[in-house]
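Have a look at the structure below, then the notes.
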Amino acid sequence: MVILSPSPVRDLFHRRTLQASSALRLHVPSDTYDRLRTLYPQYVRYDFAPHHRDFWGWEDSLEPGERPAPFVGIWARGGAKSTSAELAAVDLGARSKRRYCLYVSGTQTQADDHVGNVAIMLESPALAEFYPEMGERRLGKFGNSRGWRRNRLWTAHGYVVDAIGLDTAARGVKLEEQRPDLIILDDIDDSDDSPDTTRKKIDAITKRLIPAGAGDVAILAIQNMVIPNGVFAQLADDRADWLADRIVSGPVPAVEMLSYVTEQGRHHITGGIPTWEGQDLERCQEMLNDMGLTAFLGECQHDVEATGDQLVYGRASDGVLIYDPARNRIAHPWKWEESRWRIGLVDPGGRDPTALMVGGVAKDAMLPFPRCHAFGEHLYRGPMSASEIAAWFYQWGPLDLLMVDPSAATLIETLDKDYGFKARPALNARIEGVSLTREMLRTGRLTIGTELEETHRQFGSYWMAQRPEGSTSDVAFLTRTPASHHADLLDLLRYFVMTVTKGVPRRTSAPMRVDYGRQV
């Protein structure tokens, strides 16, 4: 009989475990989603959204010895961003694609919490069935645990996950001559960060942590955009000169084309397209109820300008754009005559200037949020008669609808009966209209012709604010800078958006045409 000492027994156990797990791993599904669903069923309950597929495609492509382009995910709160990062930390270790992970957050406490979630994933029964050594603690020479603490996980597989807070980040992080080959940046920005705090965080990341990585280090940065000039806001555009070859996913809001109304002090989502089935409109409404409007727009919609008293409509004073000239000010994307629907818009002004506009909807319109373009504008510094208004629109040829400020009932009737237009009162739900217009601009579905100078100028002069907390008025407040400027053309854009998204005209077999022979 051969009596084995404890150490050989342990070695024999691990050899047999590795052999058994290798056999089992032959049956791990090859498809990424199926693999994750099999190994982590309690975390992967919904189908991937497109941005999830992009991320897991990147993760699945990682190979030892190859340095990939960094991946930056800017996703909504509640959109599985941290869960995805934590799952990736486990999955890459289980598949032996990476050996040493640094999980980095703004504070040590936050990083410890994320690593605590990774520990729970490592100890799950489903993972143990296929990778039993991943859930076991690495033992020292005398059987003592070498690492399974709040800030470090060291598995029997040899995989290590360390928690690092930027408030404690040390230079030259390594483990027994091994440098991290996976760095995850998660929960870096805080809503209270000052510009100086952001600068210090970037210094810690770029001067201490990234240089400590191995030659094949894979870098994942993931968070929602919580401040306009924070780390992730700079990674989202060209301001960050570090991680220069990064792949940027987002910003992805919880809801595309979000619209909402406010009634008796409560905010209600009225429409939009969820970007992930795991965060549908019902779930978003629950989050809105719990968080409040300002927090929901900031945390879930990346609407970082909404974190103050005003919801900025136009150019924010800190330089962050909602109306982006590069995206929204373009030459005509199609000919006016080729528009699927041609819509005229009127704000008669009264004591204010009279504003006129024409907008077209693309032929390939994808309802309910089609591509729209403003083709022409006219701003007259005073009142215009019905005949003068009609004369301006006649030059644009047939119109499908003429939407007029609803307060001008007499003008609507006159343009309809006397001048041959299909004139209708515009939808004037200001709060919902503002939110829809912002979304149409942000997504590039609403564009304005380059020659519409007055409209572009007004974007730089106006802020459209949601009503202050506690107010019972349903009117969106305007803050004018300077006070002598007017936002009449922006009102027409709002009418345009509400018309095509809430009441799209249907073209008949014989389109309405104006009578050009009528006296004007």
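For the structure tokens, the naming scheme is as follows: chains receive sequential letters (A, B, ...) according to their order of presentation, residues are indexed from 1 within each chain, and ligands are indexed from 1 in presentation order.
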Problem set entry | Val90 in chain A environment, 12 Å, only C-alpha atoms, sequence neighbours closer than 5 positions dropped, as a PyMOL selection string | chain A and resi 36+39-40+59+83-85+95-101+103+114-124+127-128+131+134-135+153-155+157+159-161+182+184
Exercise. Any idea what's packed within 10 Å of His378 in chain A, counting only C-alpha atoms, ignoring anything in its chain fewer than 2 positions away? Could you give it as a ChimeraX atom specification?
Worked result: /A:346,353-358,376,380-381,389,392-393,452,454-455,489
Export N, CA, C and O atoms of the chosen residues as an mmCIF file, in the first residue's frame?
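part.cif was written with the following content:
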```
data_model
loop_
_atom_site.group_PDB
_atom_site.id
_atom_site.type_symbol
_atom_site.label_atom_id
_atom_site.label_comp_id
_atom_site.auth_asym_id
_atom_site.auth_seq_id
_atom_site.Cartn_x
_atom_site.Cartn_y
_atom_site.Cartn_z
ATOM 1 N N VAL A 346 -46.314 77.471 -39.145
ATOM 2 C CA VAL A 346 -46.554 78.904 -38.961
ATOM 3 C C VAL A 346 -46.656 79.240 -37.482
ATOM 4 O O VAL A 346 -47.388 78.593 -36.728
ATOM 5 N N PRO A 353 -42.059 88.372 -33.654
ATOM 6 C CA PRO A 353 -41.880 88.125 -35.083
ATOM 7 C C PRO A 353 -42.750 86.974 -35.577
ATOM 8 O O PRO A 353 -43.105 86.071 -34.821
ATOM 9 N N THR A 354 -43.084 87.016 -36.851
ATOM 10 C CA THR A 354 -43.794 85.918 -37.494
ATOM 11 C C THR A 354 -42.771 84.953 -38.058
ATOM 12 O O THR A 354 -41.846 85.361 -38.771
ATOM 13 N N ALA A 355 -42.930 83.672 -37.742
ATOM 14 C CA ALA A 355 -41.974 82.656 -38.183
ATOM 15 C C ALA A 355 -42.674 81.661 -39.101
ATOM 16 O O ALA A 355 -43.768 81.172 -38.797
ATOM 17 N N LEU A 356 -42.041 81.368 -40.239
ATOM 18 C CA LEU A 356 -42.543 80.390 -41.200
ATOM 19 C C LEU A 356 -41.433 79.380 -41.486
ATOM 20 O O LEU A 356 -40.249 79.718 -41.488
ATOM 21 N N MET A 357 -41.823 78.133 -41.764
ATOM 22 C CA MET A 357 -40.833 77.096 -42.042
ATOM 23 C C MET A 357 -41.487 76.020 -42.894
ATOM 24 O O MET A 357 -42.699 75.801 -42.814
ATOM 25 N N VAL A 358 -40.684 75.352 -43.703
ATOM 26 C CA VAL A 358 -41.137 74.165 -44.411
ATOM 27 C C VAL A 358 -40.192 73.014 -44.075
ATOM 28 O O VAL A 358 -38.971 73.187 -43.995
ATOM 29 N N GLY A 376 -36.612 75.268 -45.401
ATOM 30 C CA GLY A 376 -36.675 76.717 -45.575
ATOM 31 C C GLY A 376 -37.243 77.415 -44.366
ATOM 32 O O GLY A 376 -38.003 76.827 -43.584
ATOM 33 N N TYR A 380 -40.055 87.263 -40.034
ATOM 34 C CA TYR A 380 -40.415 88.660 -40.296
ATOM 35 C C TYR A 380 -40.593 89.362 -38.957
ATOM 36 O O TYR A 380 -41.306 88.873 -38.072
ATOM 37 N N ARG A 381 -39.939 90.496 -38.808
ATOM 38 C CA ARG A 381 -39.929 91.189 -37.516
ATOM 39 C C ARG A 381 -41.217 91.942 -37.252
ATOM 40 O O ARG A 381 -41.247 93.134 -36.998
ATOM 41 N N ILE A 389 -48.537 85.384 -45.768
ATOM 42 C CA ILE A 389 -48.105 84.048 -45.359
ATOM 43 C C ILE A 389 -48.334 83.053 -46.491
ATOM 44 O O ILE A 389 -47.466 82.245 -46.820
ATOM 45 N N TRP A 392 -45.766 83.283 -49.342
ATOM 46 C CA TRP A 392 -44.457 82.671 -49.061
ATOM 47 C C TRP A 392 -44.526 81.160 -49.251
ATOM 48 O O TRP A 392 -43.615 80.553 -49.833
ATOM 49 N N PHE A 393 -45.589 80.525 -48.810
ATOM 50 C CA PHE A 393 -45.689 79.072 -48.937
ATOM 51 C C PHE A 393 -45.972 78.638 -50.372
ATOM 52 O O PHE A 393 -45.570 77.543 -50.775
ATOM 53 N N LEU A 452 -30.455 77.907 -43.261
ATOM 54 C CA LEU A 452 -31.444 78.394 -42.299
ATOM 55 C C LEU A 452 -30.718 79.087 -41.144
ATOM 56 O O LEU A 452 -30.663 78.603 -40.007
ATOM 57 N N GLU A 454 -31.184 81.797 -39.315
ATOM 58 C CA GLU A 454 -31.890 82.259 -38.117
ATOM 59 C C GLU A 454 -32.160 81.097 -37.162
ATOM 60 O O GLU A 454 -32.039 81.229 -35.945
ATOM 61 N N THR A 455 -32.525 79.965 -37.718
ATOM 62 C CA THR A 455 -32.772 78.794 -36.870
ATOM 63 C C THR A 455 -31.502 78.380 -36.158
ATOM 64 O O THR A 455 -31.501 78.116 -34.945
ATOM 65 N N LEU A 489 -38.627 80.072 -34.280
ATOM 66 C CA LEU A 489 -38.265 79.015 -35.217
ATOM 67 C C LEU A 489 -38.043 77.688 -34.500
ATOM 68 O O LEU A 489 -38.320 76.621 -35.057
#
```
For this session: Extract, using only C-alpha atoms, all DNA, RNA and protein residues at most 6 Å from range 229-246 of chain A, discarding same-chain residues fewer than 4 positions from it, and format them as a list of chain:residue names.
Result: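 Listed by chain and then number, they are A:Ala69, A:Pro70, A:Phe71, A:Thr198, A:Met225.
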Write to file, as a PDB file, in the first residue's frame, the residues of the selection just made, with N, CA, C and O atoms.
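That gives us part20.pdb:
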```
ATOM      1  N   ALA A  69      -7.655  46.453 -29.283  1.00  0.00           N
ATOM      2  CA  ALA A  69      -8.083  47.848 -29.105  1.00  0.00           C
ATOM      3  C   ALA A  69      -8.955  47.925 -27.854  1.00  0.00           C
ATOM      4  O   ALA A  69      -9.759  47.035 -27.590  1.00  0.00           O
ATOM      5  N   PRO A  70      -8.793  48.971 -27.040  1.00  0.00           N
ATOM      6  CA  PRO A  70      -9.628  49.109 -25.839  1.00  0.00           C
ATOM      7  C   PRO A  70     -11.100  49.236 -26.223  1.00  0.00           C
ATOM      8  O   PRO A  70     -11.433  49.779 -27.278  1.00  0.00           O
ATOM      9  N   PHE A  71     -11.967  48.754 -25.350  1.00  0.00           N
ATOM     10  CA  PHE A  71     -13.412  48.851 -25.566  1.00  0.00           C
ATOM     11  C   PHE A  71     -13.998  49.784 -24.519  1.00  0.00           C
ATOM     12  O   PHE A  71     -13.797  49.599 -23.320  1.00  0.00           O
ATOM     13  N   THR A 198     -11.513  65.175 -11.822  1.00  0.00           N
ATOM     14  CA  THR A 198     -11.445  64.424 -13.073  1.00  0.00           C
ATOM     15  C   THR A 198     -10.017  64.354 -13.589  1.00  0.00           C
ATOM     16  O   THR A 198      -9.550  63.299 -14.043  1.00  0.00           O
ATOM     17  N   MET A 225     -22.720  58.047 -18.657  1.00  0.00           N
ATOM     18  CA  MET A 225     -22.138  59.387 -18.651  1.00  0.00           C
ATOM     19  C   MET A 225     -22.872  60.228 -17.611  1.00  0.00           C
ATOM     20  O   MET A 225     -24.036  60.579 -17.804  1.00  0.00           O
TER      21      MET A 225
END
```
Exercise. Would you give me, as a PyMOL selection string, the residues in range 83-230 of chain A that DSSP reads as strand (DSSP E or B)?
Worked result: chain A and resi 100-105+137+139+145+148-149+152-155+160-165+175+178+182-186+218-222
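Coordinates place CA of Gly65 in chain A at a distance of 29.4 Å from CA of Asp113 in chain A.
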Problem set entry | Test item: residues at most 12 Å from Gly298 in chain A, only C-alpha atoms, excluding those fewer than 4 positions along its chain, as a PyMOL selection string | chain A and resi 75-77+190-191+224-228+251+253-254+288+291-294+302-308+311
Problem set entry | Residue nearest Trp334 in chain A among A:Lys363, A:Arg442, A:Glu86, A:Asp400 (counting only C-alpha atoms) |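 Of all the options, A:Lys363 lies closest to Trp334 in chain A.
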Seminar exercise, completed: Atom pair CA of Glu338 in chain A + CA of Ala429 in chain A, distance 29.3 Å
Seminar exercise, completed: Closest of A:Lys335, A:His456, A:Arg438, A:Arg67 to Asp181 in chain A, counting only C-alpha atoms, is A:Arg67
Need the shell around Gly165 in chain A: protein/DNA/RNA residues with any atom at most 6 Å away, counting only C-alpha atoms. Skip same-chain ones fewer than 5 positions apart. Format as a PDB file with C-alpha atoms, in the first residue's frame?
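Dumped everything to result_13.pdb:
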```pdb
ATOM      1  CA  VAL A 104     -10.591  49.680 -11.101  1.00  0.00           C
ATOM      2  CA  SER A 105     -13.207  52.092  -9.719  1.00  0.00           C
ATOM      3  CA  GLY A 106     -13.269  55.641  -8.442  1.00  0.00           C
ATOM      4  CA  THR A 107     -12.917  54.511  -4.822  1.00  0.00           C
ATOM      5  CA  GLN A 108     -11.531  51.398  -3.165  1.00  0.00           C
ATOM      6  CA  ALA A 111     -13.829  48.387  -6.534  1.00  0.00           C
TER       7      ALA A 111
END
```
Exercise. Residues of range 308-458 of chain A in alpha helix (DSSP H) according to DSSP, as a PyMOL selection string?
Worked result: chain A and resi 325-328+386-394+409-417+430-442+453-458
Exercise. For Ile448 in chain A, which residue among A:Ala218, A:Ile205, A:Met403, A:Leu492 is the nearest when counting only C-alpha atoms?
Worked result: A:Leu492
Problem set entry | Interatomic distance (Å, one decimal) between CA of Ala204 in chain A and CA of Leu166 in chain A |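 Distance between the two atoms: 6.5 Å.
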Problem set entry | Residues near Lys422 in chain A, cut-off 10 Å, only C-alpha atoms, skip fewer than 3 positions along chain, as number ranges by chain | A: 343-344, 399-403, 412-413, 415-417, 419, 512-514
For this session: Point out the residue among A:Gly503, A:Gly73, A:Gly359, A:Pro29 with the least atom-to-atom distance to Pro425 in chain A, counting only C-alpha atoms.
Result: A:Gly503
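Ranking A:Ile188, A:Thr275, A:Ile269, A:Arg37 by their shortest atom-to-atom distance to Gly250 in chain A, with only C-alpha atoms included, puts A:Thr275 first.
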